[in-house]
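Notes follow the structure.
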Amino acid sequence: MADIEQLAESVDSLKASFEAHRYICSNQIATAVYLAFHLRKPVLIEGPPGVGKTELAKTTAEMFALPLIRLQCYEGLDEAKAIYEWKYGKQLLYTQVLKETLDEVLQGAQGFAESVTRLHEFGDIFFSEEFLEPRPLLKALREEDGCVLLLDEVDKSDHEFESLLLEILSDFQVSIPEIGTVKAHREPPIVFLTSNNTREISDALKRRCLHLYIPFPDADLEQRIIHARVPDIPPELRRQLVTFIQELRDLDLKKVPAISETIDWARTLLLLHTESLDPELVRDTLNVILKFQEDIENVDAEIATLTNKAVRADGVGP
Amino acid sequence: MDRTLTHFIAALRNAEVRISPAETLDAMNAVELVGYRDRAFLKDSLALVLPKTADEKETFDTTFDQFFSFEEVAGQTVAVDGDGDGEDGEGGGEGQGQGEGLGGGKGSGGKGKKSKYGAVEEEEEEDLGPGAMAEPRSALARLLMQEGTTELTVRMAEAAEEADLTQIQVFTQKGLYTRKIMDAMGLADLVREIGELRASPHIPERRLAQELKRRRDWLRERVRDYVERQFLLHADATGRRLREDLLQKVKLSNVEHRNFRLIQEIVFRMAKKLVALHSRRRKVFKRGQLHVSRTLRHNMSYDGSIFDLHWKSVKVDRPKVFAICDVSGSVAAYARFMLMFLYSLDEVMPKVRSFAFSSDLAEVTDLFERNRIEDAIAKTLRDYSGGSTDYGQAFQDFRKLCLDEVDNRTTIIILGDARNNYGDPRTEILKEMYDRSKRVIWLNPESRNTWNVGDAEMRKYSAYVHQAEECNSLMHLNRIVGNLLRTVA
C-alpha cells in the first residue's frame, strides 16, 4: 500500500509513473486519477472511441500493482451477472442429500413444531456465503488490498442496471437480501466507468462520479504517445503521420481515426519499412485508419494534398 | 475561501451548468486537497468534479477563466497604479493595459479616446512636468491618492451595496450602475475639487488636478469592470430568462432577426427536454407468454418445481417520426422555425425522417445530418421553397417515397397552412397515411378562424388527421410536442 500512496502523492509523480508504463497522459487525466484516489470517488470517462479510456484503467491497475476486475456492460446485463448469483446446482445437490438424510435429522423430534425448528437450521445454510457465486462487482468489494474495477461501456447497459450501480458507487457496498450488506474491505476499489456516449448517462450516476472527458490529443501529445507505443519508428515519419492524422480529423468523416488507429498505422508503416509518407503508400494503407468505405472514398481525392502538407510541415518543423 | 467557491458555483449555475449540493461538497473536498495556489491544477480538478458533459466543460472553461481572471487583473492594477505614482510620466508606456494614458502630458495620443467618458475633458492638458503636488481634500480624492487599493476596493464594494448592484438585470443597466456607484463613492465632490484645482494659479494644485483626473478615469474603469463582473454573475441569466420568456409568447413570424440565435437555443433545449422526458425505453410484459428458459433457471432452487413464473417482455422502442414541412412562400415566416424545430428534433431523436416541399417533396434527413443548422435550413429553403404550394403533389411524392415504411408505431407530423392554390387536395392519400400510421398530427401556423378561408383545405384534411393544432409560437410548439410525445412514447 505504501507504494501506491507514494505514487499518488502528486499529479506529477502520477504522470511520470504513467509514462513509465507507456501511457502518455495529459495533466487532466493524471489529475483525475489523483482525485479518484484521494477523494475515493469513481471516475466516469467519456470521449470518442479509441482515445485510451479502457487503457487508462488497465494502466492504473498495472501501475498500482492491483488486480484489474473488468465488467463489460451490454444490453440485458443484470445483477445475476454483475453482482452475485446463488449456486443453484450446489443448492440442488445439497437438497437431495438433505432429503435422504431427512429421517436421521428428524429422528427423535418431538412433534411437528420441533421438526420445523430443526429444518429451519438448514434453511439458512442454503443461502449463506458458501452458496454465493460472486460476480465482478462483489469480487471487487471483497478484494483484500483493493483493486481497480473497470465497468466498460456503461452506456450499453440498461437504465435499470445503472440504478443498480448507484449503491456500489457511492458507498462501496452491495445489499444482498438473504445475507445483508457487503461492504468493501479496508481499501475500496478504484472504479473506472467508460462510456462512448451512445446514450446519455443518468444524472444520478454522473453525480456520484468524477467526470473525465478525454478528447483527441494534440499533435505534440500524440507524437509522444506514438513514441511510447511504437518506439522503433523514425522520428520524421512519426511527425509526418501525426500531422496527417491531425489533418484528417478536421475532415468531415463518419468515423474519425483515433489514437489506436494512429498506433496501428505506425506499426503498419514500420512493418513496410517506410521512410517517408507518399501518396501511393497512404492510399494503400488507408484502410488501417479509416473504417468506412465511404470515408476512404471521400479522403481519396485529398490524399495528395494532405500528404504533401504533412511532409512539408515536417521540413519546416524542428 | 469557501465563499469564493460558492460564488463560483453560483456563477456556473447562472451559466446553466447544473450542479447539485452533493457536487458542491465534492468540489469543496477537492479544493481542500488541491488548494488555490496552482491555478491550472485547480481548474483541472474542478473540471472533473463540477461539469458533467462535454458542453458543460466548455461553459466551465470560459466561466472559470472569467471568474478567476478578475483577481489577477486586480493584482495588475495595483502594480500599474504603483507605476503611475512615480513622479515622472514614464508610467504611460507601461499602463497600456488599463488604457488610461498614465503618462500625464505625454498622454495626448490617448486623449481622443478618453474624452468619450470624461465630459470635463474640454481643455488641452498643459505640460506641468514632475514636481510636488498639493494635498487632496475630498474623501474620494484622498482615497485615490493613497498607495495601494485595498481601501478603495472596500469603499467600492460598499458603494455597490448601496446601489443594490445585485439587482442588476439587463446589460443596458451597466452604465447606470457604474454611475450610481461612482456617485455613492463621492464623485460629485471629486469633480468639484478637480474643477477648483484646475482654476488655481498654483502649479502643484494644477498638477494634482491632472493626477486626480487620471486616477478618476482609472477608477471609473475599475468600477465598470466590477459592475461587468457582477452583471455576469447575477444578471446575465436572469435577463436572459426574461427575454426567453417573452420570446416564447411572441408569434414566430414577428421575431426579429437578431433573436434567431436565442430562439434556436430555446428550440433546441425544448426538443432535448421533451425527448429526454419521453424517450426512455420501456419494458412491457406480455402476460400470457411464458419465458421458459428464464423460468426454469429461476426455479432451479426450488427443486425444479415451477412456481415462480417469468413472462416474456418486449422493449418498446422510441417513437418513429416522419415530419413533413411546407416551405413555400405562404408560410415563409414560419418555415424557418419549423425547420429549426425539425432539425433540433432530429439531433436529439434517433428516428426522425424529415421532408420538405412546396410542390415536390424531398427527404432532407440526410441534409440535416450533414450540415450545421444554419446551412441546413438555408439549403432546404433554397432548394425546396421555389414552387407554388401543391399539397396533392407532395402527398403523392410521399406515398411514392416512403409510405411503405409507415407502420403502426409511426407518427406523422405535417407542418403547413393547407393552402393548396385551389388544386386537388388528394385527401385519399392523406387517408392512406392516416390508416397506416399510429398518428397524424397537423400543425397549422395560421389561427383557427382562418383555417378554411380562401384556398385553405383544412376542413377536408382535418377529417384524416388525429389531431390538428394551431401552432405559431414556441409555447404552442412546446405544448403540442409535449402531448405528442406523451401519447406516442
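Here's how to read the names in the C-alpha cells: chain A, B, ... by the order shown, residue numbers from 1 in each chain, ligand numbers from 1 in the order shown.
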Neighbours of chain B in chain A at 6 Å, counting only C-alpha atoms, as a CSV table (one decimal) with C-alpha atoms, in the first residue's frame:
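So the final result, stored in selection_24.csv, reads:
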chain,number,residue,atom,x,y,z
A,28,GLN,CA,-6.2,16.5,-16.8
A,88,TYR,CA,-28.2,-23.3,-7.9
A,210,LEU,CA,-15.8,12.5,-11.3
A,211,HIS,CA,-16.3,13.2,-14.9
A,212,LEU,CA,-13.3,13.0,-17.2
Enumerate the residues of region 19-210 of chain A with a DSSP assignment of alpha helix (DSSP H), computed from the backbone, and present them as number ranges by chain. A: 19-20, 27-39, 53-64, 79-82, 88-100, 102-106, 111-126, 136-142, 159-171, 203-207
Shell around region 55-57 of chain A at 10 Å using only C-alpha atoms, local window under 5 positions removed, as a PyMOL selection string: chain A and resi 18+23-25+29-30+33+43+45+50+62-63+68-70+148-152+190-194
Residues just named, written with C-alpha atoms as a PDB file, in the first residue's frame:
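Heads up, here's the output in again15.pdb:
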ATOM      1  CA  PHE A  18       2.069   6.591 -16.232  1.00  0.00           C
ATOM      2  CA  TYR A  23       0.726   5.591 -21.119  1.00  0.00           C
ATOM      3  CA  ILE A  24       1.273   9.211 -22.037  1.00  0.00           C
ATOM      4  CA  CYS A  25      -1.378  11.334 -20.431  1.00  0.00           C
ATOM      5  CA  ILE A  29      -6.059  12.667 -16.872  1.00  0.00           C
ATOM      6  CA  ALA A  30      -3.416  12.467 -14.171  1.00  0.00           C
ATOM      7  CA  VAL A  33      -6.593   9.581 -11.122  1.00  0.00           C
ATOM      8  CA  VAL A  43     -14.288   8.209 -12.457  1.00  0.00           C
ATOM      9  CA  ILE A  45     -14.566   8.539 -18.561  1.00  0.00           C
ATOM     10  CA  GLY A  50     -10.120   4.775 -29.268  1.00  0.00           C
ATOM     11  CA  GLU A  62      -0.681  -2.176 -13.643  1.00  0.00           C
ATOM     12  CA  MET A  63       0.929   0.878 -12.120  1.00  0.00           C
ATOM     13  CA  LEU A  68      -7.985  -5.433 -12.513  1.00  0.00           C
ATOM     14  CA  ILE A  69     -11.569  -6.619 -12.385  1.00  0.00           C
ATOM     15  CA  ARG A  70     -13.410  -5.861 -15.552  1.00  0.00           C
ATOM     16  CA  VAL A 148      -9.137  -1.478  -9.952  1.00  0.00           C
ATOM     17  CA  LEU A 149     -12.692  -2.065 -11.099  1.00  0.00           C
ATOM     18  CA  LEU A 150     -13.455  -1.261 -14.698  1.00  0.00           C
ATOM     19  CA  LEU A 151     -17.057  -1.015 -15.863  1.00  0.00           C
ATOM     20  CA  ASP A 152     -16.561  -0.856 -19.587  1.00  0.00           C
ATOM     21  CA  ILE A 190     -10.628   2.396  -7.595  1.00  0.00           C
ATOM     22  CA  VAL A 191     -13.531   2.454 -10.026  1.00  0.00           C
ATOM     23  CA  PHE A 192     -13.460   3.499 -13.646  1.00  0.00           C
ATOM     24  CA  LEU A 193     -16.528   3.656 -15.828  1.00  0.00           C
ATOM     25  CA  THR A 194     -16.217   4.240 -19.534  1.00  0.00           C
TER      26      THR A 194
END
Can you tell me, as a list in words, what residues are no more than 9 Å from Thr380 (chain B) when counting only C-alpha atoms, ignoring any on the same chain fewer than 6 positions away? Val327, Leu339, Ala356, Val364, Leu367 and Phe368 of chain B
With N, CA and C atoms retained, write the just-selected residues as a PDB file, in the first residue's frame.
ATOM      1  N   VAL B 327     -42.543  24.506 -47.044  1.00  0.00           N
ATOM      2  CA  VAL B 327     -41.604  25.627 -47.001  1.00  0.00           C
ATOM      3  C   VAL B 327     -41.930  26.651 -48.086  1.00  0.00           C
ATOM      4  N   LEU B 339     -38.427  24.349 -39.493  1.00  0.00           N
ATOM      5  CA  LEU B 339     -37.232  23.609 -39.874  1.00  0.00           C
ATOM      6  C   LEU B 339     -36.259  23.546 -38.710  1.00  0.00           C
ATOM      7  N   ALA B 356     -39.275  18.058 -46.904  1.00  0.00           N
ATOM      8  CA  ALA B 356     -39.687  19.434 -47.157  1.00  0.00           C
ATOM      9  C   ALA B 356     -40.302  19.503 -48.543  1.00  0.00           C
ATOM     10  N   VAL B 364     -35.091  15.448 -46.471  1.00  0.00           N
ATOM     11  CA  VAL B 364     -33.959  16.281 -46.092  1.00  0.00           C
ATOM     12  C   VAL B 364     -33.215  15.737 -44.879  1.00  0.00           C
ATOM     13  N   LEU B 367     -29.522  15.769 -45.397  1.00  0.00           N
ATOM     14  CA  LEU B 367     -29.045  17.149 -45.405  1.00  0.00           C
ATOM     15  C   LEU B 367     -28.896  17.657 -43.975  1.00  0.00           C
ATOM     16  N   PHE B 368     -29.879  17.354 -43.161  1.00  0.00           N
ATOM     17  CA  PHE B 368     -29.856  17.804 -41.769  1.00  0.00           C
ATOM     18  C   PHE B 368     -28.718  17.156 -41.017  1.00  0.00           C
TER      19      PHE B 368
END
What's around Glu158 (chain B) at 10 Å? Count only C-alpha atoms, leave out sequence neighbours fewer than 5 positions away in its own chain, and write the answer as a PyMOL selection string. chain B and resi 152-153+163-164+181+184-185
Glu247 (chain A): which residues within 12 Å, counting only C-alpha atoms, same-chain residues fewer than 2 positions away excluded, as a list in words?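 My reading of the contact set: Asp218, Ala219, Gln240, Leu241, Val242, Thr243, Phe244, Ile245, Arg249, Asp250, Leu251, Asp252, Leu253, Val256, Pro257, Val299, Glu302, Ile303, Thr305, Leu306, Thr307, Asn308, Lys309, Ala310 and Ala313 of chain A.
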Write a file of the just-selected residues containing C-alpha atoms, as a compact mmCIF listing (two decimals), in the first residue's frame.
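Result file follows (out_4.txt):
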# COMPACT_ATOMS: atom_id res chain seq x y z
CA ASP A 218 -2.99 17.49 -29.85
CA ALA A 219 -0.13 16.85 -32.23
CA GLN A 240 4.55 13.14 -40.69
CA LEU A 241 1.96 10.60 -39.79
CA VAL A 242 0.78 12.51 -36.75
CA THR A 243 0.40 15.65 -38.86
CA PHE A 244 -1.51 13.65 -41.44
CA ILE A 245 -3.86 12.16 -38.87
CA ARG A 249 -9.56 14.65 -38.05
CA ASP A 250 -10.59 18.05 -39.35
CA LEU A 251 -12.31 16.49 -42.35
CA ASP A 252 -15.94 15.55 -42.31
CA LEU A 253 -15.73 11.82 -41.71
CA VAL A 256 -12.58 9.88 -37.30
CA PRO A 257 -9.33 7.98 -36.73
CA VAL A 299 -10.48 11.14 -48.49
CA GLU A 302 -7.42 14.74 -50.75
CA ILE A 303 -4.61 12.27 -50.21
CA THR A 305 -2.68 17.43 -50.68
CA LEU A 306 -2.70 16.02 -47.19
CA THR A 307 0.44 14.00 -47.71
CA ASN A 308 2.27 16.97 -49.17
CA LYS A 309 1.19 19.08 -46.27
CA ALA A 310 2.37 16.50 -43.77
CA ALA A 313 5.28 20.60 -42.35
To one decimal place, how far is CA of Asp3 (chain A) from CA of Ala36 (chain A) in Å? 16.5 Å
Would you pick out the contacts of region 392-401 of chain B at 10 Å or less, using only C-alpha atoms, so that residues sharing its chain but fewer than 4 positions from it are not included, and give the list as a list in words? Ile324, Asp326, Phe355, Ala356, Phe357, Ser358, Ser359, Asp360, Leu361, Ala362, Glu363, Glu405, Val406, Asn420, Gly423, Asp424, Pro425, Arg426, Thr427, Glu428, Ile429, Leu430, Glu432 and Met433 of chain B
Would you output that residue set with C-alpha atoms, as a PDB file, in the first residue's frame?
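Wrote it out as out-v4.pdb, contents follow:
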ATOM      1  CA  ILE B 324     -43.295  16.888 -43.437  1.00  0.00           C
ATOM      2  CA  ASP B 326     -44.245  23.080 -46.043  1.00  0.00           C
ATOM      3  CA  PHE B 355     -39.239  16.021 -45.611  1.00  0.00           C
ATOM      4  CA  ALA B 356     -39.687  19.434 -47.157  1.00  0.00           C
ATOM      5  CA  PHE B 357     -41.850  20.549 -50.033  1.00  0.00           C
ATOM      6  CA  SER B 358     -43.525  23.388 -51.753  1.00  0.00           C
ATOM      7  CA  SER B 359     -44.728  21.457 -54.735  1.00  0.00           C
ATOM      8  CA  ASP B 360     -42.375  18.492 -54.993  1.00  0.00           C
ATOM      9  CA  LEU B 361     -41.493  16.717 -51.821  1.00  0.00           C
ATOM     10  CA  ALA B 362     -37.994  15.545 -50.963  1.00  0.00           C
ATOM     11  CA  GLU B 363     -36.325  13.997 -47.976  1.00  0.00           C
ATOM     12  CA  GLU B 405     -42.198   2.405 -44.223  1.00  0.00           C
ATOM     13  CA  VAL B 406     -45.005   3.955 -42.269  1.00  0.00           C
ATOM     14  CA  ASN B 420     -53.368  24.481 -51.849  1.00  0.00           C
ATOM     15  CA  GLY B 423     -55.505  22.423 -56.571  1.00  0.00           C
ATOM     16  CA  ASP B 424     -56.595  18.844 -55.999  1.00  0.00           C
ATOM     17  CA  PRO B 425     -56.070  18.198 -52.283  1.00  0.00           C
ATOM     18  CA  ARG B 426     -55.655  14.419 -52.791  1.00  0.00           C
ATOM     19  CA  THR B 427     -57.226  13.634 -49.456  1.00  0.00           C
ATOM     20  CA  GLU B 428     -57.274   9.947 -50.319  1.00  0.00           C
ATOM     21  CA  ILE B 429     -53.502   9.778 -49.830  1.00  0.00           C
ATOM     22  CA  LEU B 430     -53.748  11.501 -46.503  1.00  0.00           C
ATOM     23  CA  GLU B 432     -53.998   6.190 -46.502  1.00  0.00           C
ATOM     24  CA  MET B 433     -51.344   7.745 -44.291  1.00  0.00           C
TER      25      MET B 433
END
Determine the nearest neighbour of Glu297 (chain A) from the options A:Ile214, A:Ala65, A:Arg283, A:Leu141, counting only C-alpha atoms. A:Arg283
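Going from CA of Cys73 (chain A) to CA of His310 (chain B) covers 23.3 Å.
Comparing A:Ile83, A:Leu14, A:Leu271, A:Leu66 by their smallest distance to Pro136 (chain A), the closest is A:Ile83 (using only C-alpha atoms).
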Could you give me, as a CSV table (one decimal) with N, CA and C atoms, in the first residue's frame, each residue of region 50-258 of chain A that DSSP assigns to strand (DSSP E or B) when run on this structure's backbone?
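Generated file (out28.csv):
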chain,number,residue,atom,x,y,z
A,68,LEU,N,-7.0,-6.2,-11.8
A,68,LEU,CA,-8.0,-5.4,-12.5
A,68,LEU,C,-9.2,-6.3,-12.7
A,69,ILE,N,-10.3,-5.9,-12.2
A,69,ILE,CA,-11.6,-6.6,-12.4
A,69,ILE,C,-12.4,-5.9,-13.4
A,70,ARG,N,-12.8,-6.6,-14.5
A,70,ARG,CA,-13.4,-5.9,-15.6
A,70,ARG,C,-14.8,-6.4,-15.8
A,71,LEU,N,-15.7,-5.5,-16.0
A,71,LEU,CA,-17.1,-5.9,-16.3
A,71,LEU,C,-17.5,-5.2,-17.6
A,72,GLN,N,-17.6,-6.0,-18.6
A,72,GLN,CA,-18.1,-5.5,-19.9
A,72,GLN,C,-19.6,-5.3,-19.8
A,84,TYR,N,-24.0,-10.9,-8.0
A,84,TYR,CA,-23.9,-12.2,-7.4
A,84,TYR,C,-25.0,-13.1,-7.9
A,85,GLU,N,-24.8,-14.4,-7.7
A,85,GLU,CA,-25.8,-15.4,-8.1
A,85,GLU,C,-25.7,-16.5,-7.1
A,86,TRP,N,-26.8,-17.2,-6.8
A,86,TRP,CA,-26.7,-18.4,-6.0
A,86,TRP,C,-26.3,-19.5,-6.8
A,132,LEU,N,-22.8,-18.7,-2.4
A,132,LEU,CA,-22.9,-17.5,-3.2
A,132,LEU,C,-21.8,-17.5,-4.3
A,133,GLU,N,-22.2,-17.2,-5.5
A,133,GLU,CA,-21.3,-17.1,-6.6
A,133,GLU,C,-21.0,-15.6,-6.8
A,134,PRO,N,-19.9,-15.1,-6.4
A,134,PRO,CA,-19.6,-13.7,-6.6
A,134,PRO,C,-19.3,-13.3,-8.0
A,148,VAL,N,-8.6,-2.4,-9.0
A,148,VAL,CA,-9.1,-1.5,-10.0
A,148,VAL,C,-10.3,-2.1,-10.6
A,149,LEU,N,-11.5,-1.5,-10.5
A,149,LEU,CA,-12.7,-2.1,-11.1
A,149,LEU,C,-13.0,-1.3,-12.3
A,150,LEU,N,-13.1,-2.0,-13.4
A,150,LEU,CA,-13.5,-1.3,-14.7
A,150,LEU,C,-14.8,-1.7,-15.2
A,151,LEU,N,-15.7,-0.7,-15.3
A,151,LEU,CA,-17.1,-1.0,-15.9
A,151,LEU,C,-17.0,-0.5,-17.3
A,152,ASP,N,-16.8,-1.3,-18.2
A,152,ASP,CA,-16.6,-0.9,-19.6
A,152,ASP,C,-17.9,-0.6,-20.3
A,173,GLN,N,-20.6,-0.6,-1.4
A,173,GLN,CA,-21.3,-1.7,-0.7
A,173,GLN,C,-22.4,-2.2,-1.6
A,174,VAL,N,-22.8,-3.5,-1.4
A,174,VAL,CA,-24.0,-4.0,-2.0
A,174,VAL,C,-24.8,-4.7,-1.0
A,175,SER,N,-26.1,-4.7,-1.3
A,175,SER,CA,-27.0,-5.3,-0.3
A,175,SER,C,-27.5,-6.6,-1.0
A,176,ILE,N,-27.4,-7.7,-0.3
A,176,ILE,CA,-27.9,-9.0,-0.7
A,176,ILE,C,-29.0,-9.4,0.3
A,180,GLY,N,-27.3,-9.8,3.7
A,180,GLY,CA,-27.1,-8.5,4.4
A,180,GLY,C,-26.2,-7.6,3.5
A,181,THR,N,-25.6,-6.6,4.1
A,181,THR,CA,-24.9,-5.7,3.3
A,181,THR,C,-23.4,-6.1,3.2
A,182,VAL,N,-22.8,-6.2,2.1
A,182,VAL,CA,-21.4,-6.5,2.0
A,182,VAL,C,-20.7,-5.2,1.7
A,183,LYS,N,-19.8,-4.9,2.6
A,183,LYS,CA,-19.0,-3.6,2.5
A,183,LYS,C,-17.7,-3.9,1.9
A,190,ILE,N,-10.6,1.2,-6.8
A,190,ILE,CA,-10.6,2.4,-7.6
A,190,ILE,C,-11.5,2.1,-8.8
A,191,VAL,N,-12.6,2.8,-9.0
A,191,VAL,CA,-13.5,2.5,-10.0
A,191,VAL,C,-13.4,3.4,-11.2
A,192,PHE,N,-13.4,2.7,-12.4
A,192,PHE,CA,-13.5,3.5,-13.6
A,192,PHE,C,-14.7,3.0,-14.4
A,193,LEU,N,-15.4,4.0,-14.9
A,193,LEU,CA,-16.5,3.7,-15.8
A,193,LEU,C,-16.2,4.3,-17.2
A,194,THR,N,-16.4,3.6,-18.2
A,194,THR,CA,-16.2,4.2,-19.5
A,194,THR,C,-17.5,4.3,-20.3
A,195,SER,N,-17.6,5.3,-21.1
A,195,SER,CA,-18.9,5.5,-21.9
A,195,SER,C,-18.5,6.1,-23.3
A,210,LEU,N,-16.6,11.4,-10.7
A,210,LEU,CA,-15.8,12.5,-11.3
A,210,LEU,C,-16.0,12.3,-12.8
A,211,HIS,N,-16.0,13.3,-13.5
A,211,HIS,CA,-16.3,13.2,-14.9
A,211,HIS,C,-15.1,13.6,-15.7
A,212,LEU,N,-14.5,12.7,-16.4
A,212,LEU,CA,-13.3,13.0,-17.2
A,212,LEU,C,-13.6,12.8,-18.7
A,213,TYR,N,-13.4,13.9,-19.4
A,213,TYR,CA,-13.6,13.8,-20.9
A,213,TYR,C,-12.2,13.7,-21.5
